[in-house]
>>> print(open('structure_30.csv').read())   # CSV, N, CA and C atoms
chain,number,residue,atom,x,y,z
A,1493,MET,N,7.4,0.8,-12.1
A,1493,MET,CA,7.9,-0.3,-11.4
A,1493,MET,C,9.4,-0.2,-11.2
A,1494,ALA,N,9.9,1.0,-11.4
A,1494,ALA,CA,11.4,1.2,-11.1
A,1494,ALA,C,11.7,1.0,-9.7
A,1495,LEU,N,10.8,1.0,-8.8
A,1495,LEU,CA,11.0,0.8,-7.4
A,1495,LEU,C,10.9,-0.7,-6.9
A,1496,ALA,N,10.5,-1.5,-7.8
A,1496,ALA,CA,10.4,-3.0,-7.5
A,1496,ALA,C,11.7,-3.5,-7.2
A,1497,GLY,N,11.8,-4.3,-6.2
A,1497,GLY,CA,13.1,-4.9,-5.7
A,1497,GLY,C,13.7,-4.1,-4.5
A,1498,LEU,N,13.3,-2.9,-4.3
A,1498,LEU,CA,13.7,-2.1,-3.2
A,1498,LEU,C,12.8,-2.4,-2.0
A,1499,PRO,N,13.4,-2.4,-0.8
A,1499,PRO,CA,12.6,-2.7,0.4
A,1499,PRO,C,11.5,-1.7,0.8
A,1500,ILE,N,10.6,-1.5,-0.1
A,1500,ILE,CA,9.5,-0.5,0.2
A,1500,ILE,C,8.1,-1.1,-0.1
A,1501,THR,N,7.1,-0.3,0.4
A,1501,THR,CA,5.7,-0.6,0.1
A,1501,THR,C,5.1,0.6,-0.5
A,1502,ALA,N,4.4,0.5,-1.6
A,1502,ALA,CA,3.9,1.7,-2.2
A,1502,ALA,C,2.5,1.5,-2.7
A,1503,PHE,N,1.7,2.5,-2.7
A,1503,PHE,CA,0.3,2.4,-3.2
A,1503,PHE,C,0.1,3.6,-4.2
A,1504,LEU,N,-0.9,3.4,-5.1
A,1504,LEU,CA,-1.3,4.4,-6.0
A,1504,LEU,C,-2.7,4.8,-5.5
A,1505,ARG,N,-3.0,6.1,-5.6
A,1505,ARG,CA,-4.3,6.7,-5.2
A,1505,ARG,C,-5.1,6.9,-6.5
A,1506,LEU,N,-6.4,6.4,-6.5
A,1506,LEU,CA,-7.3,6.5,-7.6
A,1506,LEU,C,-8.5,7.3,-7.1
A,1507,PRO,N,-8.6,8.6,-7.5
A,1507,PRO,CA,-9.8,9.4,-7.0
A,1507,PRO,C,-11.0,8.9,-7.7
A,1508,VAL,N,-12.1,8.8,-6.9
A,1508,VAL,CA,-13.4,8.4,-7.4
A,1508,VAL,C,-14.5,9.3,-6.7
A,1509,GLU,N,-15.3,10.0,-7.4
A,1509,GLU,CA,-16.3,10.9,-6.9
A,1509,GLU,C,-15.8,11.7,-5.7
A,1510,ASN,N,-16.3,11.4,-4.5
A,1510,ASN,CA,-15.9,12.2,-3.3
A,1510,ASN,C,-14.9,11.4,-2.4
A,1511,SER,N,-14.3,10.4,-3.0
A,1511,SER,CA,-13.4,9.6,-2.2
A,1511,SER,C,-12.3,9.1,-3.1
A,1512,CYS,N,-11.7,8.0,-2.7
A,1512,CYS,CA,-10.6,7.4,-3.5
A,1512,CYS,C,-10.5,5.9,-3.2
A,1513,TYR,N,-9.8,5.2,-4.0
A,1513,TYR,CA,-9.3,3.9,-3.8
A,1513,TYR,C,-7.8,3.9,-3.7
A,1514,TRP,N,-7.3,3.0,-3.0
A,1514,TRP,CA,-5.8,2.8,-2.9
A,1514,TRP,C,-5.4,1.5,-3.5
A,1515,LEU,N,-4.6,1.6,-4.5
A,1515,LEU,CA,-4.1,0.4,-5.2
A,1515,LEU,C,-2.8,-0.1,-4.8
A,1516,PRO,N,-2.6,-1.3,-4.2
A,1516,PRO,CA,-1.3,-1.8,-3.8
A,1516,PRO,C,-0.5,-1.9,-5.1
A,1517,ALA,N,0.7,-1.3,-5.1
A,1517,ALA,CA,1.6,-1.4,-6.2
A,1517,ALA,C,2.9,-2.2,-6.0
A,1518,ILE,N,3.5,-2.0,-4.8
A,1518,ILE,CA,4.7,-2.7,-4.4
A,1518,ILE,C,4.5,-3.1,-2.9
A,1519,ASP,N,4.8,-4.3,-2.6
A,1519,ASP,CA,4.7,-4.8,-1.2
A,1519,ASP,C,6.0,-5.4,-0.8
A,1520,ALA,N,6.7,-4.7,0.0
A,1520,ALA,CA,8.1,-5.1,0.5
A,1520,ALA,C,9.0,-5.4,-0.7
A,1521,GLY,N,8.9,-4.6,-1.7
A,1521,GLY,CA,9.8,-4.8,-2.8
A,1521,GLY,C,9.3,-5.7,-4.0
A,1522,LYS,N,8.1,-6.3,-3.8
A,1522,LYS,CA,7.6,-7.2,-4.8
A,1522,LYS,C,6.4,-6.5,-5.5
A,1523,ALA,N,6.4,-6.4,-6.8
A,1523,ALA,CA,5.3,-5.8,-7.5
A,1523,ALA,C,4.0,-6.6,-7.2
A,1524,CYS,N,3.0,-5.8,-7.0
A,1524,CYS,CA,1.7,-6.5,-6.6
A,1524,CYS,C,0.5,-5.7,-7.3
A,1525,LEU,N,0.8,-4.8,-8.3
A,1525,LEU,CA,-0.2,-4.1,-8.9
A,1525,LEU,C,-1.2,-5.1,-9.5
A,1526,GLY,N,-2.5,-4.9,-9.3
A,1526,GLY,CA,-3.5,-5.9,-9.7
A,1526,GLY,C,-4.2,-6.5,-8.6
A,1527,LEU,N,-3.7,-6.4,-7.4
A,1527,LEU,CA,-4.4,-6.9,-6.2
A,1527,LEU,C,-5.6,-6.0,-6.0
A,1528,PRO,N,-6.6,-6.4,-5.3
A,1528,PRO,CA,-7.8,-5.6,-5.1
A,1528,PRO,C,-7.5,-4.3,-4.4
A,1529,ALA,N,-8.2,-3.3,-4.8
A,1529,ALA,CA,-8.1,-1.9,-4.3
A,1529,ALA,C,-8.6,-1.9,-2.9
A,1530,LEU,N,-8.1,-0.9,-2.1
A,1530,LEU,CA,-8.5,-0.7,-0.7
A,1530,LEU,C,-9.4,0.5,-0.6
A,1531,ARG,N,-10.4,0.5,0.2
A,1531,ARG,CA,-11.2,1.7,0.5
A,1531,ARG,C,-10.4,2.5,1.5
A,1532,PRO,N,-10.8,3.8,1.7
A,1532,PRO,CA,-10.0,4.6,2.7
A,1532,PRO,C,-9.8,3.9,4.1
A,1533,SER,N,-10.9,3.4,4.6
A,1533,SER,CA,-10.8,2.8,5.9
A,1533,SER,C,-9.9,1.5,5.9
A,1534,GLU,N,-9.9,0.7,4.8
A,1534,GLU,CA,-9.1,-0.4,4.7
A,1534,GLU,C,-7.6,0.0,4.6
A,1535,PHE,N,-7.4,1.1,3.8
A,1535,PHE,CA,-6.1,1.6,3.7
A,1535,PHE,C,-5.5,2.1,5.0
A,1536,ALA,N,-6.3,2.8,5.8
A,1536,ALA,CA,-5.9,3.2,7.1
A,1536,ALA,C,-5.5,2.1,8.0
A,1537,ASN,N,-6.3,1.0,7.9
A,1537,ASN,CA,-5.9,-0.2,8.7
A,1537,ASN,C,-4.6,-0.8,8.2
A,1538,MET,N,-4.4,-0.8,6.9
A,1538,MET,CA,-3.1,-1.3,6.3
A,1538,MET,C,-1.9,-0.5,6.8
A,1539,LEU,N,-2.1,0.8,6.8
A,1539,LEU,CA,-1.0,1.7,7.3
A,1539,LEU,C,-0.7,1.4,8.7
A,1540,GLU,N,-1.7,1.2,9.5
A,1540,GLU,CA,-1.5,0.9,10.9
A,1540,GLU,C,-0.7,-0.4,11.1
A,1541,GLU,N,-1.1,-1.5,10.3
A,1541,GLU,CA,-0.3,-2.7,10.3
A,1541,GLU,C,1.1,-2.5,9.9
A,1542,ILE,N,1.3,-1.8,8.9
A,1542,ILE,CA,2.7,-1.5,8.4
A,1542,ILE,C,3.5,-0.8,9.5
A,1543,THR,N,2.9,0.2,10.1
A,1543,THR,CA,3.6,0.9,11.2
A,1543,THR,C,3.9,0.0,12.3
A,1544,LEU,N,3.0,-0.9,12.7
A,1544,LEU,CA,3.3,-1.8,13.8
A,1544,LEU,C,4.5,-2.7,13.5
A,1545,CYS,N,4.5,-3.2,12.2
A,1545,CYS,CA,5.6,-4.1,11.8
A,1545,CYS,C,6.9,-3.3,11.8
A,1546,LEU,N,6.9,-2.1,11.4
A,1546,LEU,CA,8.1,-1.3,11.4
A,1546,LEU,C,8.6,-1.0,12.8
A,1547,ALA,N,7.7,-0.8,13.7
A,1547,ALA,CA,8.0,-0.5,15.1
A,1547,ALA,C,8.6,-1.8,15.8
A,1548,ALA,N,8.2,-2.9,15.3
A,1548,ALA,CA,8.7,-4.2,15.9
A,1548,ALA,C,10.0,-4.7,15.3
A,1549,ALA,N,10.4,-4.1,14.2
A,1549,ALA,CA,11.6,-4.5,13.5
A,1549,ALA,C,12.8,-4.1,14.3
A,1550,PRO,N,13.9,-4.9,14.2
A,1550,PRO,CA,15.1,-4.5,15.0
A,1550,PRO,C,15.8,-3.3,14.4
>>> encode(input="structure_30.csv", output="structure tokens")
Amino acid sequence: MALAGLPITAFLRLPVENSCYWLPAIDAGKACLGLPALRPSEFANMLEEITLCLAAAP
């Protein structure tokens, strides 16, 4: 959690069998570890949303 408070978003990867889950760890500098894990397709959608927000930022 050394990154908490910085303006970043971070995920942890948890390998399971032939895939993985993505665990939200920090969201825009706020610790959020413990939120529900994301499946790969959900994680891809989340990355797309983050990218769109970054592109729209001044």
>>> residues_around(input="structure_30.csv", residues="stretch 1509-1516 of chain A", least_positions_apart="6", cutoff="7 Å", atoms="only N, CA and C atoms", output="ChimeraX atom specification")
/A:1502-1503,1523-1532,1535
>>> select_by_dssp(input="structure_30.csv", residues="chain A", states="strand (DSSP E or B)", output="PDB file with N, CA and C atoms, in the coordinates of the input")
ATOM      1  N   ALA A1502       4.400   0.500  -1.600  1.00  0.00           N
ATOM      2  CA  ALA A1502       3.900   1.700  -2.200  1.00  0.00           C
ATOM      3  C   ALA A1502       2.500   1.500  -2.700  1.00  0.00           C
ATOM      4  N   PHE A1503       1.700   2.500  -2.700  1.00  0.00           N
ATOM      5  CA  PHE A1503       0.300   2.400  -3.200  1.00  0.00           C
ATOM      6  C   PHE A1503       0.100   3.600  -4.200  1.00  0.00           C
ATOM      7  N   LEU A1504      -0.900   3.400  -5.100  1.00  0.00           N
ATOM      8  CA  LEU A1504      -1.300   4.400  -6.000  1.00  0.00           C
ATOM      9  C   LEU A1504      -2.700   4.800  -5.500  1.00  0.00           C
ATOM     10  N   ARG A1505      -3.000   6.100  -5.600  1.00  0.00           N
ATOM     11  CA  ARG A1505      -4.300   6.700  -5.200  1.00  0.00           C
ATOM     12  C   ARG A1505      -5.100   6.900  -6.500  1.00  0.00           C
ATOM     13  N   LEU A1506      -6.400   6.400  -6.500  1.00  0.00           N
ATOM     14  CA  LEU A1506      -7.300   6.500  -7.600  1.00  0.00           C
ATOM     15  C   LEU A1506      -8.500   7.300  -7.100  1.00  0.00           C
ATOM     16  N   PRO A1507      -8.600   8.600  -7.500  1.00  0.00           N
ATOM     17  CA  PRO A1507      -9.800   9.400  -7.000  1.00  0.00           C
ATOM     18  C   PRO A1507     -11.000   8.900  -7.700  1.00  0.00           C
ATOM     19  N   VAL A1508     -12.100   8.800  -6.900  1.00  0.00           N
ATOM     20  CA  VAL A1508     -13.400   8.400  -7.400  1.00  0.00           C
ATOM     21  C   VAL A1508     -14.500   9.300  -6.700  1.00  0.00           C
ATOM     22  N   SER A1511     -14.300  10.400  -3.000  1.00  0.00           N
ATOM     23  CA  SER A1511     -13.400   9.600  -2.200  1.00  0.00           C
ATOM     24  C   SER A1511     -12.300   9.100  -3.100  1.00  0.00           C
ATOM     25  N   CYS A1512     -11.700   8.000  -2.700  1.00  0.00           N
ATOM     26  CA  CYS A1512     -10.600   7.400  -3.500  1.00  0.00           C
ATOM     27  C   CYS A1512     -10.500   5.900  -3.200  1.00  0.00           C
ATOM     28  N   TYR A1513      -9.800   5.200  -4.000  1.00  0.00           N
ATOM     29  CA  TYR A1513      -9.300   3.900  -3.800  1.00  0.00           C
ATOM     30  C   TYR A1513      -7.800   3.900  -3.700  1.00  0.00           C
ATOM     31  N   TRP A1514      -7.300   3.000  -3.000  1.00  0.00           N
ATOM     32  CA  TRP A1514      -5.800   2.800  -2.900  1.00  0.00           C
ATOM     33  C   TRP A1514      -5.400   1.500  -3.500  1.00  0.00           C
ATOM     34  N   LEU A1515      -4.600   1.600  -4.500  1.00  0.00           N
ATOM     35  CA  LEU A1515      -4.100   0.400  -5.200  1.00  0.00           C
ATOM     36  C   LEU A1515      -2.800  -0.100  -4.800  1.00  0.00           C
ATOM     37  N   PRO A1516      -2.600  -1.300  -4.200  1.00  0.00           N
ATOM     38  CA  PRO A1516      -1.300  -1.800  -3.800  1.00  0.00           C
ATOM     39  C   PRO A1516      -0.500  -1.900  -5.100  1.00  0.00           C
ATOM     40  N   ALA A1517       0.700  -1.300  -5.100  1.00  0.00           N
ATOM     41  CA  ALA A1517       1.600  -1.400  -6.200  1.00  0.00           C
ATOM     42  C   ALA A1517       2.900  -2.200  -6.000  1.00  0.00           C
ATOM     43  N   ILE A1518       3.500  -2.000  -4.800  1.00  0.00           N
ATOM     44  CA  ILE A1518       4.700  -2.700  -4.400  1.00  0.00           C
ATOM     45  C   ILE A1518       4.500  -3.100  -2.900  1.00  0.00           C
ATOM     46  N   ASP A1519       4.800  -4.300  -2.600  1.00  0.00           N
ATOM     47  CA  ASP A1519       4.700  -4.800  -1.200  1.00  0.00           C
ATOM     48  C   ASP A1519       6.000  -5.400  -0.800  1.00  0.00           C
ATOM     49  N   LYS A1522       8.100  -6.300  -3.800  1.00  0.00           N
ATOM     50  CA  LYS A1522       7.600  -7.200  -4.800  1.00  0.00           C
ATOM     51  C   LYS A1522       6.400  -6.500  -5.500  1.00  0.00           C
ATOM     52  N   ALA A1523       6.400  -6.400  -6.800  1.00  0.00           N
ATOM     53  CA  ALA A1523       5.300  -5.800  -7.500  1.00  0.00           C
ATOM     54  C   ALA A1523       4.000  -6.600  -7.200  1.00  0.00           C
ATOM     55  N   LEU A1525       0.800  -4.800  -8.300  1.00  0.00           N
ATOM     56  CA  LEU A1525      -0.200  -4.100  -8.900  1.00  0.00           C
ATOM     57  C   LEU A1525      -1.200  -5.100  -9.500  1.00  0.00           C
ATOM     58  N   LEU A1527      -3.700  -6.400  -7.400  1.00  0.00           N
ATOM     59  CA  LEU A1527      -4.400  -6.900  -6.200  1.00  0.00           C
ATOM     60  C   LEU A1527      -5.600  -6.000  -6.000  1.00  0.00           C
ATOM     61  N   LEU A1530      -8.100  -0.900  -2.100  1.00  0.00           N
ATOM     62  CA  LEU A1530      -8.500  -0.700  -0.700  1.00  0.00           C
ATOM     63  C   LEU A1530      -9.400   0.500  -0.600  1.00  0.00           C
TER      64      LEU A1530
END
>>> atom_distance(input="structure_30.csv", atom1="atom CA of A:Cys1545", atom2="atom CA of A:Leu1506")
25.6 Å
>>> select_by_dssp(input="structure_30.csv", residues="chain A", states="helix (DSSP H, G or I)", output="VMD selection string")
chain A and resid 1532 to 1548
>>> atom_distance(input="structure_30.csv", atom1="atom C of A:Ser1533", atom2="atom N of A:Pro1499")
24.6 Å
>>> atom_distance(input="structure_30.csv", atom1="atom CA of A:Asp1519", atom2="atom CA of A:Thr1543")
13.7 Å
>>> closest_residue(input="structure_30.csv", among="A:Val1508, A:Pro1550, A:Ala1494, A:Ile1500", to="A:Gly1521", atoms="only N, CA and C atoms")
A:Ile1500
>>> decode(input="structure_30.csv", residues="chain A", atoms="C-alpha atoms", output="mmCIF file, in the first residue's frame")
data_model
loop_
_atom_site.group_PDB
_atom_site.id
_atom_site.type_symbol
_atom_site.label_atom_id
_atom_site.label_comp_id
_atom_site.auth_asym_id
_atom_site.auth_seq_id
_atom_site.Cartn_x
_atom_site.Cartn_y
_atom_site.Cartn_z
ATOM 1 C CA MET A 1493 0.000 0.000 0.000
ATOM 2 C CA ALA A 1494 3.042 2.267 -0.347
ATOM 3 C CA LEU A 1495 1.406 3.660 -3.500
ATOM 4 C CA ALA A 1496 -1.833 4.677 -1.776
ATOM 5 C CA GLY A 1497 -2.296 8.424 -1.962
ATOM 6 C CA LEU A 1498 -0.552 8.729 -5.335
ATOM 7 C CA PRO A 1499 -2.762 9.493 -8.353
ATOM 8 C CA ILE A 1500 -2.597 5.938 -9.732
ATOM 9 C CA THR A 1501 -4.811 2.929 -10.278
ATOM 10 C CA ALA A 1502 -3.312 -0.515 -9.674
ATOM 11 C CA PHE A 1503 -4.480 -4.123 -9.860
ATOM 12 C CA LEU A 1504 -3.047 -7.384 -8.575
ATOM 13 C CA ARG A 1505 -3.115 -10.472 -10.813
ATOM 14 C CA LEU A 1506 -4.205 -13.745 -9.233
ATOM 15 C CA PRO A 1507 -3.524 -16.782 -11.479
ATOM 16 C CA VAL A 1508 -6.171 -19.523 -11.363
ATOM 17 C CA GLU A 1509 -6.004 -22.695 -13.481
ATOM 18 C CA ASN A 1510 -5.828 -21.522 -17.128
ATOM 19 C CA SER A 1511 -6.799 -17.912 -16.457
ATOM 20 C CA CYS A 1512 -6.564 -15.250 -13.789
ATOM 21 C CA TYR A 1513 -8.538 -12.782 -11.713
ATOM 22 C CA TRP A 1514 -7.630 -9.113 -11.385
ATOM 23 C CA LEU A 1515 -7.936 -7.652 -7.895
ATOM 24 C CA PRO A 1516 -8.441 -3.884 -7.615
ATOM 25 C CA ALA A 1517 -5.795 -2.609 -5.178
ATOM 26 C CA ILE A 1518 -5.691 1.179 -5.628
ATOM 27 C CA ASP A 1519 -8.245 3.333 -7.436
ATOM 28 C CA ALA A 1520 -7.134 6.897 -8.167
ATOM 29 C CA GLY A 1521 -4.898 6.852 -5.098
ATOM 30 C CA LYS A 1522 -7.448 5.293 -2.725
ATOM 31 C CA ALA A 1523 -6.838 1.806 -1.329
ATOM 32 C CA CYS A 1524 -9.611 -0.528 -2.491
ATOM 33 C CA LEU A 1525 -8.180 -4.010 -1.915
ATOM 34 C CA GLY A 1526 -11.122 -6.196 -0.986
ATOM 35 C CA LEU A 1527 -13.439 -5.138 -3.793
ATOM 36 C CA PRO A 1528 -14.701 -8.000 -5.972
ATOM 37 C CA ALA A 1529 -12.182 -9.495 -8.390
ATOM 38 C CA LEU A 1530 -12.547 -8.960 -12.124
ATOM 39 C CA ARG A 1531 -12.529 -11.682 -14.767
ATOM 40 C CA PRO A 1532 -10.232 -11.066 -17.764
ATOM 41 C CA SER A 1533 -13.054 -9.658 -19.926
ATOM 42 C CA GLU A 1534 -14.214 -7.380 -17.091
ATOM 43 C CA PHE A 1535 -10.626 -6.247 -16.568
ATOM 44 C CA ALA A 1536 -10.304 -5.423 -20.289
ATOM 45 C CA ASN A 1537 -13.476 -3.320 -20.070
ATOM 46 C CA MET A 1538 -12.098 -1.542 -16.979
ATOM 47 C CA LEU A 1539 -8.851 -0.741 -18.811
ATOM 48 C CA GLU A 1540 -10.848 0.682 -21.711
ATOM 49 C CA GLU A 1541 -12.826 2.924 -19.314
ATOM 50 C CA ILE A 1542 -9.604 4.110 -17.649
ATOM 51 C CA THR A 1543 -8.065 4.845 -21.051
ATOM 52 C CA LEU A 1544 -11.098 6.867 -22.126
ATOM 53 C CA CYS A 1545 -10.992 8.882 -18.888
ATOM 54 C CA LEU A 1546 -7.295 9.596 -19.394
ATOM 55 C CA ALA A 1547 -7.858 10.663 -22.988
ATOM 56 C CA ALA A 1548 -10.600 13.082 -21.887
ATOM 57 C CA ALA A 1549 -8.496 14.619 -19.101
ATOM 58 C CA PRO A 1550 -7.049 18.075 -19.794
#
